[in-house]
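One file, query_29.txt, carrying compact mmCIF, C-alpha atoms:
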```txt
# COMPACT_ATOMS: atom_id res chain seq x y z
CA MET A 1 35.11 36.59 -10.87
CA LYS A 2 31.56 37.21 -9.64
CA LEU A 3 29.38 34.15 -9.32
CA GLU A 4 25.73 34.31 -10.40
CA THR A 5 23.49 34.05 -7.32
CA ARG A 6 20.08 34.40 -8.98
CA GLY A 7 18.15 31.15 -8.82
CA PRO A 8 16.30 29.66 -11.79
CA GLU A 9 12.90 31.07 -12.68
CA ALA A 10 9.72 28.98 -12.41
CA ALA A 11 9.61 28.48 -16.18
CA GLU A 12 13.20 27.21 -16.18
CA LEU A 13 12.46 24.79 -13.38
CA LEU A 14 9.37 23.49 -15.17
CA ALA A 15 11.35 22.96 -18.36
CA ALA A 16 14.06 21.06 -16.48
CA LEU A 17 11.73 18.60 -14.74
CA PRO A 18 12.30 15.00 -15.92
CA VAL A 19 8.57 14.23 -15.69
CA ALA A 20 5.75 15.35 -17.98
CA VAL A 21 3.82 18.31 -16.51
CA LEU A 22 0.79 20.27 -17.71
CA VAL A 23 -0.51 23.42 -16.01
CA VAL A 24 -4.27 23.96 -16.37
CA ASP A 25 -6.06 27.25 -15.64
CA ALA A 26 -9.37 27.82 -13.85
CA ALA A 27 -11.26 27.34 -17.12
CA ASP A 28 -9.66 23.89 -17.53
CA ARG A 29 -7.53 25.10 -20.45
CA ILE A 30 -3.87 24.23 -20.84
CA ALA A 31 -1.70 27.18 -19.81
CA ARG A 32 1.77 25.61 -19.81
CA VAL A 33 3.48 22.31 -20.69
CA ASN A 34 7.11 21.29 -20.37
CA ALA A 35 9.39 19.61 -22.90
CA GLU A 36 9.01 16.19 -21.28
CA CYS A 37 5.24 16.46 -21.76
CA GLU A 38 5.67 17.35 -25.44
CA THR A 39 7.83 14.25 -25.88
CA LEU A 40 5.48 11.91 -24.01
CA LEU A 41 2.32 13.07 -25.80
CA ASN A 42 4.05 13.64 -29.14
CA LEU A 43 2.39 17.07 -29.32
CA SER A 44 3.98 20.51 -29.49
CA GLU A 45 3.35 23.15 -26.85
CA ARG A 46 1.82 25.39 -29.57
CA ALA A 47 -0.76 22.67 -30.38
CA MET A 48 -1.77 22.35 -26.73
CA LEU A 49 -1.72 25.87 -25.30
CA GLY A 50 -5.19 27.36 -24.82
CA GLN A 51 -6.92 24.10 -25.63
CA PRO A 52 -9.45 22.52 -23.23
CA LEU A 53 -7.73 19.71 -21.40
CA GLY A 54 -10.39 17.25 -22.55
CA ALA A 55 -9.60 18.06 -26.17
CA ILE A 56 -5.97 17.02 -25.66
CA LEU A 57 -6.29 14.06 -23.28
CA SER A 58 -9.10 11.63 -22.51
CA PHE A 59 -9.24 10.60 -18.85
CA PRO A 60 -10.50 7.23 -17.55
CA ASP A 61 -12.36 8.88 -14.66
CA ALA A 62 -13.37 12.37 -15.75
CA GLU A 63 -16.07 12.58 -13.08
CA ALA A 64 -13.52 12.47 -10.26
CA ARG A 65 -11.75 15.54 -11.68
CA ARG A 66 -14.79 17.71 -11.14
CA ASP A 67 -14.37 18.07 -7.37
CA ALA A 68 -11.89 20.47 -5.80
CA HIS A 69 -9.58 17.84 -4.37
CA ALA A 70 -6.40 16.15 -5.49
CA PHE A 71 -6.83 13.43 -8.06
CA ALA A 72 -4.60 10.39 -8.53
CA ILE A 73 -4.94 7.35 -10.78
CA PHE A 74 -2.41 4.62 -11.42
CA ASP A 75 -1.98 2.34 -14.43
CA ALA A 76 -4.49 4.51 -16.29
CA ASP A 77 -5.09 4.39 -20.04
CA VAL A 78 -5.19 7.86 -21.62
CA GLU A 79 -5.52 8.87 -25.27
CA THR A 80 -4.30 12.04 -26.97
CA MET A 81 -6.13 14.11 -29.56
CA ARG A 82 -4.13 12.32 -32.28
CA GLY A 83 -5.10 8.84 -31.08
CA LEU A 84 -1.87 8.01 -29.21
CA ARG A 85 -2.68 5.65 -26.34
CA LEU A 86 -0.54 5.61 -23.23
CA ARG A 87 -0.57 3.86 -19.86
CA VAL A 88 0.40 6.37 -17.19
CA ASP A 89 0.39 7.14 -13.49
CA LEU A 90 -1.40 10.50 -13.26
CA ILE A 91 -1.49 12.93 -10.34
CA GLU A 92 -3.43 16.20 -10.40
CA ALA A 93 -3.10 18.81 -7.65
CA ALA A 94 -4.31 22.34 -6.95
CA VAL A 95 -1.97 25.33 -7.31
CA VAL A 96 -1.76 27.19 -4.01
CA ASP A 97 -3.14 30.76 -4.06
CA HIS A 98 -4.53 30.32 -7.60
CA PRO A 99 -8.12 29.04 -7.28
CA GLY A 100 -9.05 26.57 -9.98
CA TRP A 101 -5.53 26.20 -11.37
CA ARG A 102 -4.06 22.69 -11.41
CA THR A 103 -0.84 20.85 -12.15
CA ILE A 104 -0.98 17.43 -13.80
CA THR A 105 2.02 15.10 -13.81
CA LEU A 106 2.17 12.07 -16.10
CA HIS A 107 4.54 9.17 -15.41
CA HIS A 108 4.83 6.74 -18.31
CA ALA A 109 3.79 3.52 -16.59
CA GLY A 110 4.77 1.30 -19.51
CA ALA A 111 8.45 2.24 -19.27
CA SER A 112 8.55 1.93 -15.50
CA ARG A 113 6.88 -1.50 -15.66
CA ARG A 114 9.40 -2.72 -18.24
CA LEU A 115 12.27 -1.47 -16.12
CA GLY A 116 10.70 -3.22 -13.16
CA VAL A 117 10.64 -6.66 -14.78
CA SER A 118 14.09 -7.58 -13.49
CA THR A 119 13.15 -6.24 -10.07
CA ASP A 120 9.99 -8.34 -10.07
CA ARG A 121 12.00 -11.42 -10.98
CA ALA A 122 14.49 -10.67 -8.22
CA ALA A 123 11.61 -10.31 -5.77
CA ALA A 124 10.15 -13.63 -6.92
CA ALA A 125 13.54 -15.29 -6.50
CA ARG A 126 13.88 -13.75 -3.04
CA SER A 127 10.46 -15.09 -2.10
CA ALA A 128 11.32 -18.57 -3.36
CA VAL A 129 14.62 -18.62 -1.45
CA GLY A 130 12.84 -17.31 1.64
CA ALA A 131 10.15 -19.97 1.33
CA ALA A 132 12.72 -22.75 1.04
CA ALA A 133 14.74 -21.48 4.00
CA MET A 134 11.70 -20.95 6.19
CA LEU A 135 10.17 -24.32 5.40
CA ALA A 136 13.48 -26.10 5.94
CA HIS A 137 13.87 -24.46 9.34
CA GLU A 138 10.27 -24.63 10.53
CA ILE A 139 9.62 -28.23 9.47
CA LYS A 140 13.04 -29.89 9.84
CA ASN A 141 13.45 -28.83 13.47
CA PRO A 142 10.13 -30.30 14.66
CA LEU A 143 10.81 -33.49 12.68
CA SER A 144 14.17 -33.80 14.42
CA SER A 145 12.49 -33.44 17.80
CA ILE A 146 9.84 -36.01 16.86
CA ARG A 147 12.49 -38.45 15.64
CA GLY A 148 14.51 -38.03 18.84
CA ALA A 149 11.44 -38.58 20.98
CA ALA A 150 10.48 -41.68 18.99
CA GLN A 151 14.00 -43.08 19.44
CA LEU A 152 13.80 -42.59 23.21
CA ILE A 153 10.41 -44.32 23.31
CA ALA A 154 11.91 -47.22 21.34
CA ASP A 155 14.68 -47.41 23.97
CA GLY A 156 12.08 -47.85 26.71
CA VAL A 157 12.12 -44.32 28.20
CA ASP A 158 8.90 -43.11 29.95
CA THR A 159 6.54 -42.12 27.18
CA ALA A 160 4.12 -39.60 28.75
CA GLU A 161 6.28 -36.49 28.46
CA LEU A 162 7.72 -37.54 25.11
CA THR A 163 4.33 -38.11 23.51
CA GLN A 164 3.23 -34.64 24.63
CA LEU A 165 6.35 -33.20 22.98
CA MET A 166 5.60 -35.07 19.76
CA ILE A 167 2.00 -33.84 19.72
CA ALA A 168 3.11 -30.25 20.32
CA GLU A 169 5.65 -30.40 17.48
CA VAL A 170 3.14 -31.93 15.07
CA ASP A 171 0.64 -29.20 16.01
CA ARG A 172 3.29 -26.57 15.29
CA VAL A 173 3.90 -27.92 11.78
CA THR A 174 0.14 -28.16 11.20
CA ALA A 175 -0.36 -24.52 12.29
CA LEU A 176 2.34 -23.40 9.86
CA ILE A 177 0.73 -25.29 6.98
CA ASP A 178 -2.70 -23.88 7.91
CA HIS A 179 -1.23 -20.39 7.86
CA MET A 180 0.27 -20.94 4.42
CA GLU A 181 -3.02 -22.35 3.13
CA ASP A 182 -4.59 -18.93 3.74
CA PHE A 183 -2.76 -17.82 0.57
CA THR A 184 -4.32 -20.59 -1.51
CA ASP A 185 -7.89 -19.64 -0.62
CA THR A 186 -9.12 -18.00 -3.82
CA ARG A 187 -12.79 -17.89 -2.85
CA PRO A 188 -14.17 -14.33 -3.12
CA ARG A 189 -14.59 -12.58 0.22
CA GLU A 190 -18.15 -11.59 1.04
CA VAL A 191 -18.16 -7.80 1.42
CA SER A 192 -20.92 -5.59 2.73
CA PRO A 193 -21.37 -2.04 4.09
CA MET A 194 -19.72 -1.72 7.50
CA ASN A 195 -19.07 0.87 10.16
CA ILE A 196 -15.35 0.45 10.79
CA TYR A 197 -15.28 2.16 14.20
CA PRO A 198 -16.64 -0.68 16.37
CA LEU A 199 -14.14 -2.96 14.68
CA LEU A 200 -11.25 -0.55 15.34
CA ALA A 201 -12.32 -0.24 18.97
CA HIS A 202 -12.36 -4.03 19.32
CA ALA A 203 -8.92 -4.39 17.71
CA ARG A 204 -7.52 -1.67 19.99
CA GLY A 205 -8.96 -3.40 23.08
CA VAL A 206 -7.49 -6.77 22.07
CA ALA A 207 -4.09 -5.17 21.48
CA LEU A 208 -4.02 -3.29 24.79
CA ALA A 209 -5.03 -6.41 26.70
CA GLY A 210 -2.34 -8.54 25.10
CA PHE A 211 0.60 -7.93 22.79
CA ALA A 212 0.48 -4.09 23.10
CA ARG A 213 0.14 -3.93 26.89
CA GLY A 214 2.01 -0.82 28.05
CA VAL A 215 1.76 0.88 24.63
CA ALA A 216 -0.32 4.03 24.19
CA ILE A 217 -2.70 3.59 21.24
CA GLU A 218 -4.11 6.96 20.23
CA GLU A 219 -7.22 7.42 18.11
CA ARG A 220 -7.27 10.14 15.44
CA TYR A 221 -10.54 9.63 13.65
CA ASP A 222 -12.64 11.45 11.07
CA PRO A 223 -16.07 11.41 12.77
CA SER A 224 -17.91 11.95 9.48
CA LEU A 225 -16.46 8.91 7.72
CA PRO A 226 -19.17 7.03 5.78
CA PRO A 227 -19.53 3.22 5.83
CA ALA A 228 -16.90 1.20 3.95
CA MET A 229 -17.31 -1.89 1.84
CA GLY A 230 -15.43 -4.74 3.45
CA ASN A 231 -15.40 -8.00 5.32
CA SER A 232 -15.38 -7.54 9.10
CA ASP A 233 -13.42 -10.72 9.89
CA SER A 234 -10.78 -9.97 7.27
CA LEU A 235 -10.41 -6.33 8.28
CA LEU A 236 -10.11 -7.25 11.97
CA GLN A 237 -7.36 -9.73 11.12
CA VAL A 238 -5.58 -7.04 9.07
CA ILE A 239 -5.75 -4.38 11.80
CA LEU A 240 -4.60 -6.79 14.52
CA ASN A 241 -1.67 -7.90 12.37
CA LEU A 242 -0.59 -4.31 11.72
CA LEU A 243 -0.97 -3.38 15.39
CA LYS A 244 1.12 -6.39 16.39
CA ASN A 245 3.86 -5.40 13.93
CA ALA A 246 3.79 -1.81 15.19
CA ALA A 247 4.08 -2.91 18.83
CA ALA A 248 7.02 -5.18 17.98
CA ALA A 249 8.74 -2.37 16.06
CA LEU A 250 8.62 -0.03 19.07
CA GLY A 251 10.74 -2.28 21.25
CA GLU A 252 10.78 -1.90 25.03
CA ARG A 253 12.50 1.48 25.45
CA GLY A 254 11.45 5.10 25.06
CA GLU A 255 7.98 6.38 24.32
CA ARG A 256 5.85 3.54 22.99
CA ARG A 257 2.99 5.01 20.99
CA ILE A 258 0.81 3.82 18.13
CA THR A 259 -1.79 5.93 16.32
CA LEU A 260 -4.94 4.62 14.66
CA ALA A 261 -6.17 7.22 12.17
CA THR A 262 -8.97 7.44 9.61
CA ALA A 263 -9.70 9.94 6.85
CA TYR A 264 -11.71 10.39 3.67
CA ARG A 265 -9.44 10.68 0.62
CA HIS A 266 -10.88 12.06 -2.61
CA GLY A 267 -9.57 11.12 -6.02
CA VAL A 268 -7.75 7.83 -5.28
CA THR A 269 -8.81 5.05 -7.65
CA VAL A 270 -7.59 1.65 -8.83
CA ALA A 271 -8.39 -0.45 -11.87
CA ALA A 272 -11.37 -2.68 -11.14
CA GLY A 273 -10.47 -5.18 -13.85
CA LYS A 274 -10.48 -5.38 -17.63
CA GLY A 275 -13.48 -3.55 -18.99
CA ARG A 276 -14.81 -2.64 -15.56
CA GLY A 277 -13.48 0.91 -15.21
CA ARG A 278 -11.92 2.17 -11.98
CA THR A 279 -12.98 1.89 -8.36
CA PRO A 280 -12.66 4.86 -5.94
CA LEU A 281 -10.93 4.02 -2.65
CA PRO A 282 -11.73 6.99 -0.38
CA ILE A 283 -11.88 5.20 3.01
CA GLU A 284 -8.45 5.44 4.65
CA ILE A 285 -7.30 3.61 7.79
CA CYS A 286 -3.74 4.17 9.03
CA VAL A 287 -1.67 2.33 11.63
CA ILE A 288 1.22 4.63 12.56
CA ASP A 289 4.20 4.02 14.84
CA SER A 290 7.46 5.79 15.66
CA GLY A 291 9.64 2.71 15.18
CA PRO A 292 12.64 2.57 12.83
CA GLY A 293 10.71 1.23 9.85
CA ALA A 294 11.69 -1.55 7.48
CA PRO A 295 15.32 -2.05 6.39
CA ALA A 296 15.95 -0.13 3.17
CA ASP A 297 16.83 -3.26 1.18
CA ILE A 298 13.42 -4.87 1.74
CA ALA A 299 11.15 -1.81 2.03
CA ASP A 300 9.89 -2.26 -1.54
CA HIS A 301 9.14 -5.95 -0.95
CA LEU A 302 7.45 -5.92 2.44
CA PHE A 303 4.27 -7.48 1.10
CA ASP A 304 6.07 -10.32 -0.70
CA PRO A 305 5.71 -13.70 1.01
CA PHE A 306 8.67 -14.85 3.13
CA VAL A 307 10.25 -11.38 3.28
CA SER A 308 10.75 -10.14 6.84
CA GLY A 309 12.84 -7.51 8.59
CA ARG A 310 12.99 -9.51 11.84
CA PRO A 311 15.31 -12.51 12.30
CA GLU A 312 12.48 -14.51 13.86
CA GLY A 313 9.91 -13.40 11.29
CA LYS A 314 8.44 -15.83 8.77
CA GLY A 315 7.40 -13.11 6.29
CA LEU A 316 3.79 -14.27 6.08
CA GLY A 317 1.96 -11.61 8.10
CA LEU A 318 2.18 -8.65 5.72
CA ALA A 319 1.73 -10.85 2.66
CA LEU A 320 -1.54 -12.07 4.16
CA VAL A 321 -2.54 -8.49 5.01
CA ASP A 322 -2.01 -7.54 1.37
CA LYS A 323 -4.07 -10.50 0.15
CA LEU A 324 -6.97 -9.87 2.53
CA VAL A 325 -7.14 -6.16 1.66
CA ARG A 326 -7.03 -6.91 -2.07
CA ASP A 327 -9.76 -9.53 -1.60
CA MET A 328 -11.92 -6.70 -0.21
CA GLY A 329 -11.23 -4.56 -3.28
CA GLY A 330 -8.74 -2.26 -1.54
CA ILE A 331 -5.00 -1.67 -1.35
CA VAL A 332 -2.46 -1.40 1.48
CA GLN A 333 0.66 0.76 1.33
CA TYR A 334 3.81 1.23 3.43
CA SER A 335 5.60 4.56 3.81
CA ARG A 336 7.83 6.63 6.09
CA GLU A 337 6.30 10.06 6.65
CA GLY A 338 6.54 13.18 8.80
CA THR A 339 9.27 14.81 10.85
CA PRO A 340 10.55 12.90 12.69
CA HIS A 341 9.82 9.96 10.43
CA GLN A 342 7.05 7.59 11.37
CA THR A 343 6.06 4.25 9.89
CA VAL A 344 2.65 4.37 8.19
CA PHE A 345 0.65 1.40 6.95
CA ARG A 346 -2.26 2.85 4.97
CA ILE A 347 -5.34 0.82 4.04
CA LEU A 348 -7.63 2.23 1.32
CA LEU A 349 -11.08 0.69 0.91
CA PRO A 350 -14.14 1.34 -1.26
CA ARG A 351 -17.01 3.37 0.14
CA ALA A 352 -20.37 1.68 0.57
CA SER A 353 -23.01 2.90 -1.86
CA ALA A 354 -25.37 5.51 -0.45
```
As structure tokens, the full file:
Amino acid sequence: MKLETRGPEAAELLAALPVAVLVVDAADRIARVNAECETLLNLSERAMLGQPLGAILSFPDAEARRDAHAFAIFDADVETMRGLRLRVDLIEAAVVDHPGWRTITLHHAGASRRLGVSTDRAAAARSAVGAAAMLAHEIKNPLSSIRGAAQLIADGVDTAELTQLMIAEVDRVTALIDHMEDFTDTRPREVSPMNIYPLLAHARGVALAGFARGVAIEERYDPSLPPAMGNSDSLLQVILNLLKNAAAALGERGERRITLATAYRHGVTVAAGKGRGRTPLPIEICVIDSGPGAPADIADHLFDPFVSGRPEGKGLGLALVDKLVRDMGGIVQYSREGTPHQTVFRILLPRASA
């Protein structure tokens, strides 16, 4: 019996994809859709083929589609020609060797969010358990030391050394509480146009002089990057925290190398709030290391409070990074990229107005 060796054709592959896909030609007219797209939009392929894309779907940020770069929006509201409203994650990309042609993928965000409810609850429960365990450990131990020292003082033991121990333990508890109070500060961060390069240079110098001594920190910068909107104190704290995590992840053996990289990314936007449209986030700052990355079971929850991949970690550092970046109107992401894999923490910030 002779087995068939011919692979599936492009049309067959498109039809089999479990995600909605439209193919748009250089004139911005729909040239192909798959079955999943017909189902999602509740429109037949016959009704869509040859139609201008704008006549089939309304986009929340049509202006961003006019450049020649990739375009991505998340949690976007789109509306079909028949009035069907959907919340989707949308990614548009150029077709190689076919100038002007694009592919558009639509992920139904509503379904994914509903499926994620139980995951969100599990993450919240994990955070609560982590908080209880961390607080029990970090506060009970100093209190035990303070109680023991007080008992020795009551027994007439020399007090000088014991009082210093008590002060140090109280200071440790106070520092922990101060750190946690950073999360309760809801005051808006003052943001202004800033050149990020002096700040990156300062963070690199601090790292090399201290916690990253002996680590090579390479710079891979886009020299034409325009000013970002941000808060210099907050961004410095974020970069130092990420550099410290990267240095710790590298350990003490092998090549110890961290890369600081910047780039301008077109087409990435986030919702600015109800009724306020979407905000472009083209300013990218990456902290990259060749460490092993986060354990698989917590990789999706790295920015939750009290979640840490290190036994000694309190799980507050990355949660604070996430808060500070969001306070500046940006987002921070974790990924494993490249060959061999590298850990990438990617900060995306708004561009300052011209």
Next item on the list: May I ask for the distance between CA of Glu255 (chain A) and CA of Leu348 (chain A), given in Å to one decimal place?
Entry: 28.1 Å
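Within 12 Å of Ser290 (chain A), once all atoms listed in the file are used and residues closer than 5 positions along the same chain are dropped, the contacting residues are Val215, Ala216, Ile217, Asn245, Ala246, Ala247, Ala248, Ala249, Leu250, Gly251, Arg253, Gly254, Glu255, Arg256, Arg257, Ile258, Thr259, Arg336, Glu337, Gly338, Thr339, Pro340, His341, Gln342, Thr343, Val344 and Phe345 of chain A.
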Checklist line | Counting all atoms listed in the file, the option among A:Val238, A:Ala35, A:Tyr334, A:Val270 closest to Ile298 (chain A) | finding: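 Comparing A:Val238, A:Ala35, A:Tyr334, A:Val270 against Ile298 (chain A), the winner is A:Tyr334.
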Item checked: Given only C-alpha atoms as the counted atoms, nearest of A:Thr159, A:Thr262, A:Asn241, A:Asn42 to Pro226 (chain A) ->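 Closest candidate: A:Thr262.
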Notebook entry, point to check: Within 10 Å of (-2.6, -5.6, 13.1), in the coordinates the file gives, what residues turn up when you count only C-alpha atoms, written out as a list of chain:residue names?
Noted result: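 So the residues meeting the distance criterion are A:Ala203, A:Arg204, A:Ala207, A:Leu235, A:Leu236, A:Gln237, A:Val238, A:Ile239, A:Leu240, A:Asn241, A:Leu242, A:Leu243, A:Lys244, A:Asn245, A:Ala246, A:Ala247, A:Val287, A:Gly317, A:Leu318, A:Val321, A:Phe345.
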Item checked: Best match for closeness to Thr103 (chain A) among A:Ala154, A:Leu22, A:Val170, A:Ile30, counting all atoms listed in the file -> A:Leu22
Margin query: Would you compute the distance between CA of Ala31 (chain A) and CA of Leu49 (chain A)? Give it in Å to one decimal.
Written below: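 If I compute the distance from CA of Ala31 (chain A) to CA of Leu49 (chain A), I get 5.6 Å.
Shortest atom-to-atom contact with Phe71 (chain A) among A:Leu57, A:Cys37, A:Ala93, A:Leu14: A:Ala93, counting only C-alpha atoms.
If you look at CA of Asp89 (chain A) and CA of Asp297 (chain A), they are 24.4 Å away from each other.
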Checklist line | Top pick for closest residue to Leu90 (chain A), considering A:Asn195, A:Thr269, A:Ser335, A:Thr163 and counting all atoms listed in the file | finding: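 Closest residue, counting all atoms listed in the file: A:Thr269.
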Note to self: Here is a test: counting all atoms listed in the file, which residue of A:Pro223, A:Leu43, A:Gly214, A:Arg278 is nearest to Asp77 (chain A)?
What the structure shows: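 Checking each candidate against Asp77 (chain A), we get A:Arg278 as the closest.
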Residues near Gly330 (chain A), cut-off 10 Å, all atoms listed in the file, skip fewer than 3 positions along chain, as a tab-separated table (two decimals) with C-alpha atoms, keeping the file's coordinate frame:
```
chain	number	residue	atom	x	y	z
A	229	MET	CA	-17.31	-1.89	1.84
A	230	GLY	CA	-15.43	-4.74	3.45
A	269	THR	CA	-8.81	5.05	-7.65
A	270	VAL	CA	-7.59	1.65	-8.83
A	272	ALA	CA	-11.37	-2.68	-11.14
A	279	THR	CA	-12.98	1.89	-8.36
A	280	PRO	CA	-12.66	4.86	-5.94
A	281	LEU	CA	-10.93	4.02	-2.65
A	282	PRO	CA	-11.73	6.99	-0.38
A	283	ILE	CA	-11.88	5.20	3.01
A	284	GLU	CA	-8.45	5.44	4.65
A	322	ASP	CA	-2.01	-7.54	1.37
A	323	LYS	CA	-4.07	-10.50	0.15
A	324	LEU	CA	-6.97	-9.87	2.53
A	325	VAL	CA	-7.14	-6.16	1.66
A	326	ARG	CA	-7.03	-6.91	-2.07
A	327	ASP	CA	-9.76	-9.53	-1.60
A	347	ILE	CA	-5.34	0.82	4.04
A	348	LEU	CA	-7.63	2.23	1.32
A	349	LEU	CA	-11.08	0.69	0.91
A	350	PRO	CA	-14.14	1.34	-1.26
```
Item checked: Near-Arg87 (chain A) list (10 Å; all atoms listed in the file; drop same-chain fewer than 2 positions) as an NGL selection string -> :A and (74-79 or 85 or 89-90 or 106-111)
Axis-aligned box over every listed atom of region 148-162 of chain A, padded by 8 Å per side: centre and edges in Å to one decimal, as AutoDock Vina command-line options?
```
--center_x 9.4 --center_y -42.2 --center_z 24.4 --size_x 26.6 --size_y 27.4 --size_z 27.1
```
